$ cat work_8.txt   # compact mmCIF, C-alpha atoms and all ligand atoms
# COMPACT_ATOMS: atom_id res chain seq x y z
CA MET A 175 1.00 -19.91 -24.21
CA SER A 176 -2.68 -19.36 -23.55
CA ILE A 177 -5.21 -17.70 -25.81
CA LYS A 178 -7.72 -15.67 -23.84
CA LYS A 179 -10.89 -14.35 -25.34
CA SER A 180 -12.42 -11.26 -23.80
CA LYS A 181 -14.66 -12.44 -20.95
CA THR A 182 -17.22 -9.74 -21.48
CA ALA A 183 -18.98 -8.01 -24.31
CA ARG A 184 -19.46 -5.01 -22.05
CA LYS A 185 -18.53 -1.60 -23.28
CA ALA A 186 -16.77 1.22 -21.49
CA ILE A 187 -16.27 4.96 -21.86
CA LEU A 188 -13.67 7.37 -20.61
CA VAL A 189 -15.11 10.85 -20.12
CA LEU A 190 -12.86 13.75 -19.22
CA ALA A 191 -14.02 16.56 -16.96
CA ASP A 192 -14.12 18.87 -20.02
CA GLY A 193 -16.68 16.56 -21.67
CA THR A 194 -14.39 14.82 -24.18
CA VAL A 195 -15.59 11.23 -24.66
CA PHE A 196 -13.57 8.14 -25.61
CA TYR A 197 -15.39 4.94 -26.46
CA GLY A 198 -14.02 1.46 -25.91
CA SER A 199 -14.66 -1.98 -24.51
CA ALA A 200 -14.51 -3.03 -20.86
CA LEU A 201 -11.26 -4.59 -19.66
CA GLY A 202 -11.15 -5.97 -16.12
CA ALA A 203 -13.71 -5.26 -13.43
CA ASP A 204 -17.14 -3.71 -13.98
CA GLY A 205 -17.96 -0.37 -12.46
CA GLN A 206 -16.51 3.10 -12.51
CA ALA A 207 -13.25 4.78 -11.53
CA VAL A 208 -12.44 8.44 -11.17
CA GLY A 209 -8.99 10.01 -11.10
CA GLU A 210 -6.45 12.25 -12.81
CA VAL A 211 -5.83 10.97 -16.35
CA VAL A 212 -2.15 10.74 -17.27
CA PHE A 213 -0.25 8.94 -20.01
CA ASN A 214 2.76 6.66 -19.65
CA THR A 215 5.01 6.08 -22.67
CA ALA A 216 6.89 2.96 -21.45
CA MET A 217 6.76 0.07 -23.93
CA THR A 218 6.84 -2.58 -21.21
CA GLY A 219 6.36 -2.77 -17.45
CA TYR A 220 2.59 -2.38 -17.17
CA GLN A 221 2.46 -4.54 -14.04
CA GLU A 222 5.18 -2.52 -12.24
CA ILE A 223 3.38 0.67 -13.29
CA LEU A 224 -0.07 -0.47 -12.12
CA THR A 225 1.32 -1.47 -8.70
CA ASP A 226 3.47 1.66 -8.20
CA PRO A 227 1.84 3.47 -5.21
CA SER A 228 2.75 6.84 -6.76
CA TYR A 229 -0.12 6.25 -9.22
CA ALA A 230 -2.78 6.35 -6.47
CA GLU A 231 -5.84 8.34 -7.65
CA GLN A 232 -4.62 8.31 -11.27
CA ILE A 233 -6.00 6.71 -14.42
CA ILE A 234 -3.12 5.55 -16.60
CA THR A 235 -3.23 5.68 -20.38
CA PHE A 236 -0.59 3.45 -21.97
CA THR A 237 0.63 4.97 -25.22
CA TYR A 238 2.32 1.74 -26.34
CA PRO A 239 -0.47 0.23 -28.47
CA HIS A 240 -0.23 -3.43 -27.57
CA ILE A 241 -0.57 -4.18 -23.86
CA GLY A 242 -0.90 -7.48 -22.00
CA ASN A 243 1.21 -9.60 -24.36
CA TYR A 244 3.42 -11.10 -21.63
CA GLY A 245 0.65 -11.51 -19.03
CA THR A 246 1.25 -10.96 -15.32
CA ASN A 247 3.14 -12.82 -12.60
CA ASN A 248 3.80 -12.72 -8.86
CA GLU A 249 7.26 -11.12 -9.08
CA ASP A 250 6.93 -7.98 -11.19
CA VAL A 251 5.03 -5.99 -8.60
CA GLU A 252 6.17 -2.81 -6.89
CA SER A 253 3.71 -3.13 -3.99
CA ASN A 254 1.09 -5.60 -2.79
CA GLN A 255 -1.80 -4.08 -4.69
CA VAL A 256 -2.79 -2.22 -7.84
CA TRP A 257 -2.81 1.47 -6.97
CA ALA A 258 -3.81 2.92 -10.35
CA LYS A 259 -7.53 3.72 -10.39
CA ALA A 260 -8.01 2.47 -13.95
CA MET A 261 -6.12 1.43 -17.06
CA VAL A 262 -6.67 2.81 -20.58
CA ILE A 263 -5.18 0.93 -23.55
CA ARG A 264 -5.41 0.68 -27.32
CA ASP A 265 -5.16 -3.04 -28.10
CA ARG A 266 -5.56 -5.82 -25.57
CA SER A 267 -3.34 -8.77 -26.36
CA MET A 268 -5.23 -12.00 -26.99
CA VAL A 269 -2.14 -13.94 -25.97
CA ALA A 270 -0.25 -13.93 -22.68
CA SER A 271 3.05 -15.29 -23.89
CA ASN A 272 5.70 -15.65 -21.21
CA PHE A 273 6.92 -18.62 -19.18
CA ARG A 274 6.58 -16.50 -16.03
CA SER A 275 2.97 -15.51 -16.67
CA ASN A 276 0.32 -17.03 -14.43
CA LEU A 277 -2.60 -14.71 -15.19
CA SER A 278 -3.65 -12.71 -18.23
CA LEU A 279 -3.81 -8.92 -17.81
CA PRO A 280 -7.65 -8.77 -17.97
CA ASP A 281 -7.89 -11.52 -15.32
CA TYR A 282 -5.31 -9.72 -13.18
CA LEU A 283 -7.41 -6.53 -13.31
CA LEU A 284 -10.52 -8.58 -12.45
CA LYS A 285 -8.75 -10.21 -9.52
CA HIS A 286 -7.78 -6.80 -8.15
CA GLY A 287 -11.18 -5.23 -8.88
CA VAL A 288 -9.66 -2.68 -11.24
CA VAL A 289 -11.65 -1.12 -14.05
CA GLY A 290 -10.08 -0.80 -17.48
CA ILE A 291 -10.96 0.31 -20.98
CA ALA A 292 -9.50 -1.09 -24.22
CA ASP A 293 -9.88 -0.19 -27.92
CA VAL A 294 -9.43 3.49 -27.09
CA ASP A 295 -7.84 5.91 -29.53
CA THR A 296 -5.00 6.50 -27.06
CA ARG A 297 -3.13 8.68 -29.55
CA ARG A 298 -6.02 11.14 -29.67
CA LEU A 299 -6.33 11.00 -25.88
CA THR A 300 -2.59 11.64 -25.40
CA HIS A 301 -2.66 14.57 -27.83
CA HIS A 302 -5.63 15.99 -25.94
CA ILE A 303 -3.84 15.72 -22.58
CA ARG A 304 -0.62 17.19 -24.02
CA GLU A 305 -2.54 20.15 -25.38
CA HIS A 306 -4.88 20.83 -22.48
CA GLY A 307 -2.90 19.40 -19.54
CA SER A 308 -3.68 16.34 -17.45
CA GLN A 309 -7.22 16.51 -16.18
CA ASN A 310 -9.69 14.45 -14.24
CA GLY A 311 -11.70 11.73 -15.87
CA CYS A 312 -14.01 8.79 -15.27
CA VAL A 313 -13.93 5.30 -16.77
CA MET A 314 -17.35 3.64 -16.67
CA THR A 315 -18.42 0.24 -17.95
CA TYR A 316 -21.93 -0.47 -19.28
CA ALA A 317 -23.95 -3.18 -21.03
CA ALA A 318 -23.35 -3.46 -24.77
CA ASP A 319 -27.01 -2.79 -25.58
CA ALA A 320 -27.32 0.23 -23.24
CA GLU A 321 -26.73 3.93 -23.92
CA ALA A 322 -23.31 5.21 -22.99
CA PRO A 323 -23.66 6.93 -19.56
CA ILE A 324 -21.80 10.05 -20.70
CA ALA A 325 -23.44 12.68 -18.46
CA GLU A 326 -23.07 10.45 -15.40
CA ALA A 327 -19.39 9.82 -16.11
CA GLN A 328 -18.67 13.51 -16.76
CA ALA A 329 -20.38 14.49 -13.49
CA ALA A 330 -18.27 11.91 -11.64
CA ALA A 331 -15.09 13.28 -13.28
CA GLN A 332 -16.02 16.84 -12.36
CA GLY A 333 -16.75 15.75 -8.78
CA PHE A 334 -13.11 14.73 -8.24
CA GLY A 335 -11.12 17.54 -6.65
CA GLY A 336 -7.80 16.62 -8.30
CA LEU A 337 -4.38 15.98 -6.81
CA ALA A 338 -3.32 19.52 -5.87
CA GLY A 339 -3.29 19.85 -2.09
CA LEU A 340 -3.92 16.12 -1.60
CA ASP A 341 -1.79 14.19 0.92
CA LEU A 342 -1.84 10.61 -0.33
CA ALA A 343 1.50 9.53 1.16
CA LYS A 344 -0.15 8.75 4.47
CA VAL A 345 -2.70 6.58 2.61
CA THR A 346 -0.19 4.46 0.66
CA SER A 347 2.35 4.21 3.49
CA CYS A 348 2.76 1.14 5.69
CA THR A 349 1.19 1.48 9.14
CA GLU A 350 3.95 -0.14 11.17
CA ALA A 351 7.73 -0.21 10.95
CA TYR A 352 9.35 -3.37 9.56
CA GLN A 353 12.70 -4.73 8.37
CA TRP A 354 13.24 -5.25 4.62
CA ASP A 355 15.92 -7.77 3.65
CA GLN A 356 15.17 -8.80 0.05
CA GLY A 357 17.68 -7.90 -2.65
CA SER A 358 17.00 -7.58 -6.37
CA TRP A 359 17.43 -10.07 -9.21
CA LEU A 360 20.54 -8.11 -10.21
CA LEU A 361 22.36 -10.08 -7.49
CA GLU A 362 21.47 -13.31 -9.32
CA GLU A 363 22.69 -11.71 -12.55
CA GLY A 364 26.16 -11.32 -11.08
CA PHE A 365 25.86 -7.77 -9.75
CA THR A 366 28.31 -7.54 -6.87
CA LYS A 367 27.92 -5.24 -3.92
CA PRO A 368 30.44 -2.37 -4.12
CA SER A 369 31.60 -3.52 -0.67
CA SER A 370 29.82 -4.87 2.33
CA THR A 371 28.74 -1.76 4.17
CA ASP A 372 26.19 -2.84 6.72
CA PHE A 373 24.83 0.67 6.98
CA HIS A 374 21.55 1.00 8.80
CA VAL A 375 19.18 2.93 6.55
CA VAL A 376 15.79 4.05 7.81
CA ALA A 377 13.49 4.35 4.81
CA TYR A 378 10.43 6.58 5.05
CA ASP A 379 7.58 4.85 3.25
CA PHE A 380 5.47 7.47 1.48
CA GLY A 381 4.35 4.74 -0.94
CA ALA A 382 7.75 3.16 -1.58
CA LYS A 383 8.40 1.00 -4.63
CA MET A 384 9.87 -2.36 -3.63
CA ASN A 385 12.75 -2.12 -6.07
CA ILE A 386 14.10 0.94 -4.24
CA LEU A 387 14.34 -1.09 -1.03
CA ARG A 388 15.96 -3.95 -2.98
CA MET A 389 18.58 -1.52 -4.37
CA LEU A 390 19.57 -0.58 -0.80
CA VAL A 391 19.81 -4.25 0.26
CA ASP A 392 21.86 -5.03 -2.90
CA ARG A 393 24.42 -2.55 -1.55
CA GLY A 394 24.63 -4.22 1.84
CA CYS A 395 22.31 -1.91 3.77
CA LYS A 396 20.21 -3.04 6.70
CA VAL A 397 16.85 -1.43 5.93
CA THR A 398 14.17 -0.42 8.43
CA VAL A 399 11.01 0.87 6.75
CA VAL A 400 8.92 3.34 8.75
CA PRO A 401 5.44 4.85 8.22
CA ALA A 402 5.18 8.27 6.58
CA GLN A 403 4.17 10.08 9.74
CA THR A 404 6.93 8.70 12.00
CA PRO A 405 8.31 11.63 14.04
CA ALA A 406 11.95 12.60 13.51
CA ALA A 407 12.85 11.78 17.13
CA ASP A 408 11.68 8.15 16.71
CA VAL A 409 13.85 7.73 13.62
CA LEU A 410 16.88 9.38 15.23
CA SER A 411 16.53 7.04 18.22
CA MET A 412 17.10 4.14 15.76
CA ASN A 413 20.57 5.57 15.20
CA PRO A 414 20.49 5.45 11.38
CA ASP A 415 23.61 5.85 9.24
CA GLY A 416 21.35 7.38 6.61
CA ILE A 417 17.71 8.18 5.97
CA PHE A 418 15.98 7.43 2.71
CA LEU A 419 12.90 9.42 1.59
CA SER A 420 10.74 7.37 -0.78
CA ASN A 421 8.60 8.13 -3.79
CA GLY A 422 4.88 8.50 -3.23
CA PRO A 423 1.62 9.86 -4.63
CA GLY A 424 -0.12 13.20 -4.26
CA ASP A 425 1.01 16.75 -3.58
CA PRO A 426 4.34 17.06 -1.71
CA GLY A 427 3.24 20.41 -0.30
CA ALA A 428 0.50 18.65 1.69
CA CYS A 429 2.96 16.45 3.64
CA ASP A 430 3.84 18.97 6.37
CA TYR A 431 4.72 16.21 8.90
CA ALA A 432 7.42 14.89 6.52
CA ILE A 433 8.77 18.36 5.76
CA HIS A 434 9.16 19.04 9.51
CA ALA A 435 10.89 15.69 10.09
CA ILE A 436 13.33 16.34 7.21
CA GLN A 437 14.15 19.79 8.61
CA GLU A 438 15.15 18.08 11.85
CA PHE A 439 17.34 15.55 9.99
CA LEU A 440 19.03 18.40 8.08
CA LYS A 441 19.71 20.15 11.37
CA GLN A 442 21.25 16.95 12.77
CA GLY A 443 23.30 16.42 9.61
CA VAL A 444 22.17 12.80 8.99
CA PRO A 445 22.86 11.65 5.38
CA LEU A 446 19.65 11.94 3.32
CA PHE A 447 18.63 10.64 -0.11
CA GLY A 448 15.21 11.36 -1.61
CA ILE A 449 13.62 9.91 -4.74
CA CYS A 450 10.73 11.62 -6.53
CA LEU A 451 8.29 12.63 -3.75
CA GLY A 452 11.22 12.28 -1.31
CA HIS A 453 13.29 14.63 -3.49
CA GLN A 454 10.41 17.14 -3.59
CA LEU A 455 10.03 16.95 0.21
CA LEU A 456 13.78 17.50 0.70
CA ALA A 457 13.52 20.60 -1.50
CA LEU A 458 10.50 21.93 0.41
CA ALA A 459 12.23 21.29 3.76
CA SER A 460 15.22 23.32 2.47
CA GLY A 461 13.07 26.31 1.49
CA ALA A 462 12.38 25.65 -2.23
CA LYS A 463 8.90 25.55 -3.79
CA THR A 464 7.08 22.84 -5.76
CA MET A 465 4.53 23.28 -8.52
CA LYS A 466 2.00 21.20 -10.44
CA MET A 467 3.21 20.44 -13.97
CA LYS A 468 1.03 20.65 -17.06
CA ILE A 469 1.25 16.96 -17.98
CA GLY A 470 4.04 15.64 -15.78
CA HIS A 471 6.54 12.96 -16.78
CA HIS A 472 5.50 9.31 -16.99
CA GLY A 473 7.69 6.98 -19.03
CA ALA A 474 10.85 4.92 -19.23
CA ASN A 475 13.04 6.79 -21.72
CA HIS A 476 13.34 10.36 -20.46
CA PRO A 477 16.76 11.96 -21.07
CA VAL A 478 18.18 13.73 -18.03
CA LEU A 479 21.33 15.87 -17.99
CA ASP A 480 23.86 15.46 -15.19
CA ILE A 481 24.81 19.16 -15.08
CA ALA A 482 28.27 18.85 -13.46
CA HIS A 483 29.47 16.03 -15.73
CA GLY A 484 27.70 17.03 -18.94
CA THR A 485 26.46 13.46 -19.39
CA VAL A 486 22.99 12.22 -20.29
CA MET A 487 21.09 9.41 -18.59
CA ILE A 488 17.99 7.70 -19.94
CA THR A 489 15.63 7.49 -16.98
CA SER A 490 12.28 6.27 -15.71
CA GLN A 491 9.91 9.01 -14.65
CA ASN A 492 6.61 9.26 -12.86
CA HIS A 493 5.67 12.62 -11.43
CA GLY A 494 3.09 15.37 -11.85
CA PHE A 495 4.67 17.88 -9.49
CA ALA A 496 8.18 19.33 -9.73
CA VAL A 497 10.56 21.48 -7.74
CA ASP A 498 10.59 25.01 -9.17
CA ALA A 499 14.20 25.58 -10.30
CA ASP A 500 13.78 29.34 -9.81
CA SER A 501 12.87 28.85 -6.16
CA LEU A 502 16.08 27.11 -5.05
CA PRO A 503 17.63 28.77 -1.98
CA SER A 504 21.42 29.35 -1.93
CA THR A 505 21.80 26.19 0.19
CA LEU A 506 20.73 23.99 -2.75
CA THR A 507 22.46 23.29 -6.08
CA ALA A 508 20.66 21.99 -9.16
CA THR A 509 22.42 18.76 -10.21
CA HIS A 510 20.15 17.40 -12.98
CA LYS A 511 17.63 18.68 -15.47
CA SER A 512 15.16 17.14 -17.91
CA LEU A 513 16.18 17.34 -21.55
CA PHE A 514 12.51 17.12 -22.53
CA ASP A 515 11.33 20.33 -20.88
CA GLY A 516 14.24 21.72 -18.85
CA THR A 517 12.55 21.12 -15.49
CA LEU A 518 14.65 20.39 -12.42
CA GLN A 519 15.59 16.74 -11.93
CA GLY A 520 18.08 16.72 -9.07
CA ILE A 521 19.37 18.73 -6.12
CA ARG A 522 22.28 18.62 -3.72
CA HIS A 523 22.48 20.40 -0.39
CA ASN A 524 25.57 22.63 -0.19
CA GLU A 525 26.04 22.41 3.58
CA LYS A 526 24.46 19.10 4.61
CA PRO A 527 24.96 15.50 3.37
CA ALA A 528 21.69 15.43 1.41
CA PHE A 529 20.61 14.99 -2.21
CA GLY A 530 17.49 14.17 -4.19
CA PHE A 531 16.57 12.88 -7.63
CA GLN A 532 13.23 13.46 -9.36
CA GLY A 533 13.34 10.40 -11.63
CA HIS A 534 13.47 6.73 -10.70
CA PRO A 535 17.01 5.29 -10.41
CA GLU A 536 15.50 1.94 -9.35
CA ALA A 537 13.83 1.79 -12.82
CA SER A 538 11.31 -1.05 -12.64
CA PRO A 539 10.49 -0.61 -15.40
CA GLY A 540 13.18 1.18 -17.35
CA SER A 541 16.80 1.97 -17.88
CA ARG A 542 19.49 1.38 -15.26
CA ASP A 543 21.46 4.51 -16.19
CA ALA A 544 20.64 6.34 -12.94
CA MET A 545 21.30 3.38 -10.59
CA PRO A 546 24.73 4.76 -9.53
CA LEU A 547 22.78 7.31 -7.47
CA PHE A 548 22.30 4.53 -4.91
CA ASP A 549 26.10 4.13 -4.78
CA GLN A 550 26.33 7.88 -4.28
CA PHE A 551 24.13 7.50 -1.18
CA ILE A 552 26.44 4.74 0.12
CA ASP A 553 29.47 7.01 -0.49
CA LEU A 554 27.72 9.85 1.35
CA MET A 555 27.14 7.61 4.38
CA LYS A 556 30.76 6.39 4.21
CA GLN A 557 32.12 9.94 4.13
CA HIS A 558 29.84 10.95 6.97
CA ALA A 559 30.87 7.95 9.09
CA THR A 560 34.57 8.70 8.46
CA THR A 561 34.23 12.39 9.34
CA HIS A 562 32.34 11.49 12.50
CA ALA A 563 34.89 8.87 13.53
CA GLN A 564 37.61 11.54 13.24
CA SER A 565 35.78 14.26 15.16
N1 LIG E 601 6.70 9.00 -8.13
C1 LIG E 601 6.54 9.94 -7.21
O1 LIG E 601 7.11 9.89 -6.13
C2 LIG E 601 5.58 11.05 -7.54
C3 LIG E 601 5.75 12.28 -6.69
C4 LIG E 601 4.55 13.21 -6.69
N2 LIG E 601 3.39 12.54 -6.22
C5 LIG E 601 4.33 13.75 -8.10
O2 LIG E 601 3.40 13.36 -8.76
O3 LIG E 601 5.09 14.56 -8.55

$ encode --input "work_8.txt" --output "structure tokens" --more "lines below"
Ligand SMILES: NC(=O)CC[C@H](N)C(=O)O
Amino acid sequence: MSIKKSKTARKAILVLADGTVFYGSALGADGQAVGEVVFNTAMTGYQEILTDPSYAEQIITFTYPHIGNYGTNNEDVESNQVWAKAMVIRDRSMVASNFRSNLSLPDYLLKHGVVGIADVDTRRLTHHIREHGSQNGCVMTYAADAEAPIAEAQAAAQGFGGLAGLDLAKVTSCTEAYQWDQGSWLLEEGFTKPSSTDFHVVAYDFGAKMNILRMLVDRGCKVTVVPAQTPAADVLSMNPDGIFLSNGPGDPGACDYAIHAIQEFLKQGVPLFGICLGHQLLALASGAKTMKMKIGHHGANHPVLDIAHGTVMITSQNHGFAVDADSLPSTLTATHKSLFDGTLQGIRHNEKPAFGFQGHPEASPGSRDAMPLFDQFIDLMKQHATTHAQS
């Protein structure tokens, strides 16, 4: 257990584009960060959340009031860098208490050059966002004896164009194809593969979380990860048993290259599974529409209804866009919906072996309730392989 005092007496402000100001103290690197301000309600998992590429260009407010208490480590990351633009918290923990911790949260932010602000009235901020919708903001640090640079921060916030129309998947994606062979810690916990399948899955990396890839390996898949803009023909020449469409940041409507590739895969009838951005892209490729939500969903305890079975799953969520349920063409069926606001959470193609889920079945952090969706993908590939062997 190590007691860490704040390294700096510097102050910080968060100023929203509408001029609302939140005062606090600097946490992490000095400087400024601009992005869309969202709030995440998960009680734990701040390191997974900070490193989730889907948070690119976003400033994350953590509603759980005490953050940093178990420090950071080398394992609980969802990518190789912090993608969140800045972190907003209520209370910084003075203690990093965990045998796995090798760096306190403030030192971790410093190491990654990420700006943060602590001692913020995050409840007031969250209420403001809930009422007025997520909006752009700027976190700026300044010397304790200086005036708060409010006008400068507001101008910076107003200068950010927002996420609508922004293709960030090509920014967070890998640049070259590679094999992924690491499974999750569930294997060590005694999780057994449903059966050894050896399916070759090509995973489009739009900003993929590592735990998704681990879930596929846990189920015996051989995983090839490819960059976001890989043409359909290149993927088909790899002879995949199934294609996985990953999560990722930004506006799905801006990823025309991915939408075209998915249309080709649908035409060819290759089994497809999309998570979050991947689910939205599958919907767009099938003729549905997406929209920007007022505040989005960011948390680890969102109830989602499985419509066919009438059962409820507690799920992890991180999205600011959604598929418009009223826009579904007759080729798509709604399979899941959010019990918070009724928005669409899952789709299945009626004619092709393809389905998508808006939440995060890989959790990390969060509940494992939706993990069987990975088994559903394996079953889909099995069925497809059997039908093909017969024809
Ligand atoms: N986690 C994700 O894949 C997010 C998808 C998309 N960028 C959204 O905000 O809705």

$ residues_around --input "work_8.txt" --residues "Gln328 in chain A" --least-positions-apart "3" --cutoff "7 Å" --atoms "only C-alpha atoms" --output "PyMOL selection string"
chain A and resi 189-191+193+312+324-325+331-332

$ residues_near_ligand --input "work_8.txt" --ligand "ligand LIG 601 (chain E)" --cutoff "6 Å" --atoms "all atoms listed in the file" --output "list of chain:residue names"
A:Ser228, A:Asn421, A:Gly422, A:Pro423, A:Gly424, A:Asp425, A:Cys450, A:Leu451, A:Asn492, A:His493, A:Gly494, A:Phe495, A:Ala496

$ write_last_selection --input "work_8.txt" --atoms "C-alpha atoms" --output "short mmCIF file (atom, residue, chain, number, x, y, z; two decimals), in the frame of the given file"
data_model
loop_
_atom_site.label_atom_id
_atom_site.label_comp_id
_atom_site.auth_asym_id
_atom_site.auth_seq_id
_atom_site.Cartn_x
_atom_site.Cartn_y
_atom_site.Cartn_z
CA SER A 228 2.75 6.84 -6.76
CA ASN A 421 8.60 8.13 -3.79
CA GLY A 422 4.88 8.50 -3.23
CA PRO A 423 1.62 9.86 -4.63
CA GLY A 424 -0.12 13.20 -4.26
CA ASP A 425 1.01 16.75 -3.58
CA CYS A 450 10.73 11.62 -6.53
CA LEU A 451 8.29 12.63 -3.75
CA ASN A 492 6.61 9.26 -12.86
CA HIS A 493 5.67 12.62 -11.43
CA GLY A 494 3.09 15.37 -11.85
CA PHE A 495 4.67 17.88 -9.49
CA ALA A 496 8.18 19.33 -9.73
#

$ atom_distance --input "work_8.txt" --atom1 "CA of Val256 in chain A" --atom2 "CA of Asp226 in chain A"
7.4 Å

$ closest_residue --input "work_8.txt" --among "A:Arg304, A:Arg274, A:Lys383, A:Arg266" --to "Asn254 in chain A" --atoms "all atoms listed in the file"
A:Lys383

$ closest_residue --input "work_8.txt" --among "A:Pro280, A:Gly205, A:Gly311, A:Gly219" --to "Leu188 in chain A" --atoms "all atoms listed in the file"
A:Gly311

$ closest_residue --input "work_8.txt" --among "A:Ile263, A:Ala270, A:Asn310, A:Ala343" --to "Val212 in chain A" --atoms "all atoms listed in the file"
A:Asn310

$ atom_distance --input "work_8.txt" --atom1 "CA of Ile291 in chain A" --atom2 "CA of Lys466 in chain A"
26.7 Å

$ closest_residue --input "work_8.txt" --among "A:Met261, A:Ile469, A:Val399, A:Ile552" --to "Glu305 in chain A" --atoms "all atoms listed in the file"
A:Ile469

$ closest_residue --input "work_8.txt" --among "A:Leu455, A:Ile521, A:Ala216, A:Ile436" --to "Ala537 in chain A" --atoms "only C-alpha atoms"
A:Ala216

$ residues_around --input "work_8.txt" --residues "range 373-382 of chain A" --least-positions-apart "6" --cutoff "7 Å" --atoms "only C-alpha atoms" --output "JSON, numbers by chain"
{"A": [227, 228, 343, 344, 346, 347, 348, 395, 396, 397, 398, 399, 400, 401, 402, 414, 415, 416, 417, 418, 419, 420, 421, 422, 423]}

$ write_last_selection --input "work_8.txt" --atoms "C-alpha atoms" --output "mmCIF file, in the frame of the given file"
data_model
loop_
_atom_site.group_PDB
_atom_site.id
_atom_site.type_symbol
_atom_site.label_atom_id
_atom_site.label_comp_id
_atom_site.auth_asym_id
_atom_site.auth_seq_id
_atom_site.Cartn_x
_atom_site.Cartn_y
_atom_site.Cartn_z
ATOM 1 C CA PRO A 227 1.840 3.470 -5.210
ATOM 2 C CA SER A 228 2.750 6.840 -6.760
ATOM 3 C CA ALA A 343 1.500 9.530 1.160
ATOM 4 C CA LYS A 344 -0.150 8.750 4.470
ATOM 5 C CA THR A 346 -0.190 4.460 0.660
ATOM 6 C CA SER A 347 2.350 4.210 3.490
ATOM 7 C CA CYS A 348 2.760 1.140 5.690
ATOM 8 C CA CYS A 395 22.310 -1.910 3.770
ATOM 9 C CA LYS A 396 20.210 -3.040 6.700
ATOM 10 C CA VAL A 397 16.850 -1.430 5.930
ATOM 11 C CA THR A 398 14.170 -0.420 8.430
ATOM 12 C CA VAL A 399 11.010 0.870 6.750
ATOM 13 C CA VAL A 400 8.920 3.340 8.750
ATOM 14 C CA PRO A 401 5.440 4.850 8.220
ATOM 15 C CA ALA A 402 5.180 8.270 6.580
ATOM 16 C CA PRO A 414 20.490 5.450 11.380
ATOM 17 C CA ASP A 415 23.610 5.850 9.240
ATOM 18 C CA GLY A 416 21.350 7.380 6.610
ATOM 19 C CA ILE A 417 17.710 8.180 5.970
ATOM 20 C CA PHE A 418 15.980 7.430 2.710
ATOM 21 C CA LEU A 419 12.900 9.420 1.590
ATOM 22 C CA SER A 420 10.740 7.370 -0.780
ATOM 23 C CA ASN A 421 8.600 8.130 -3.790
ATOM 24 C CA GLY A 422 4.880 8.500 -3.230
ATOM 25 C CA PRO A 423 1.620 9.860 -4.630
#

$ atom_distance --input "work_8.txt" --atom1 "CA of Ala508 in chain A" --atom2 "CA of Tyr431 in chain A"
24.8 Å
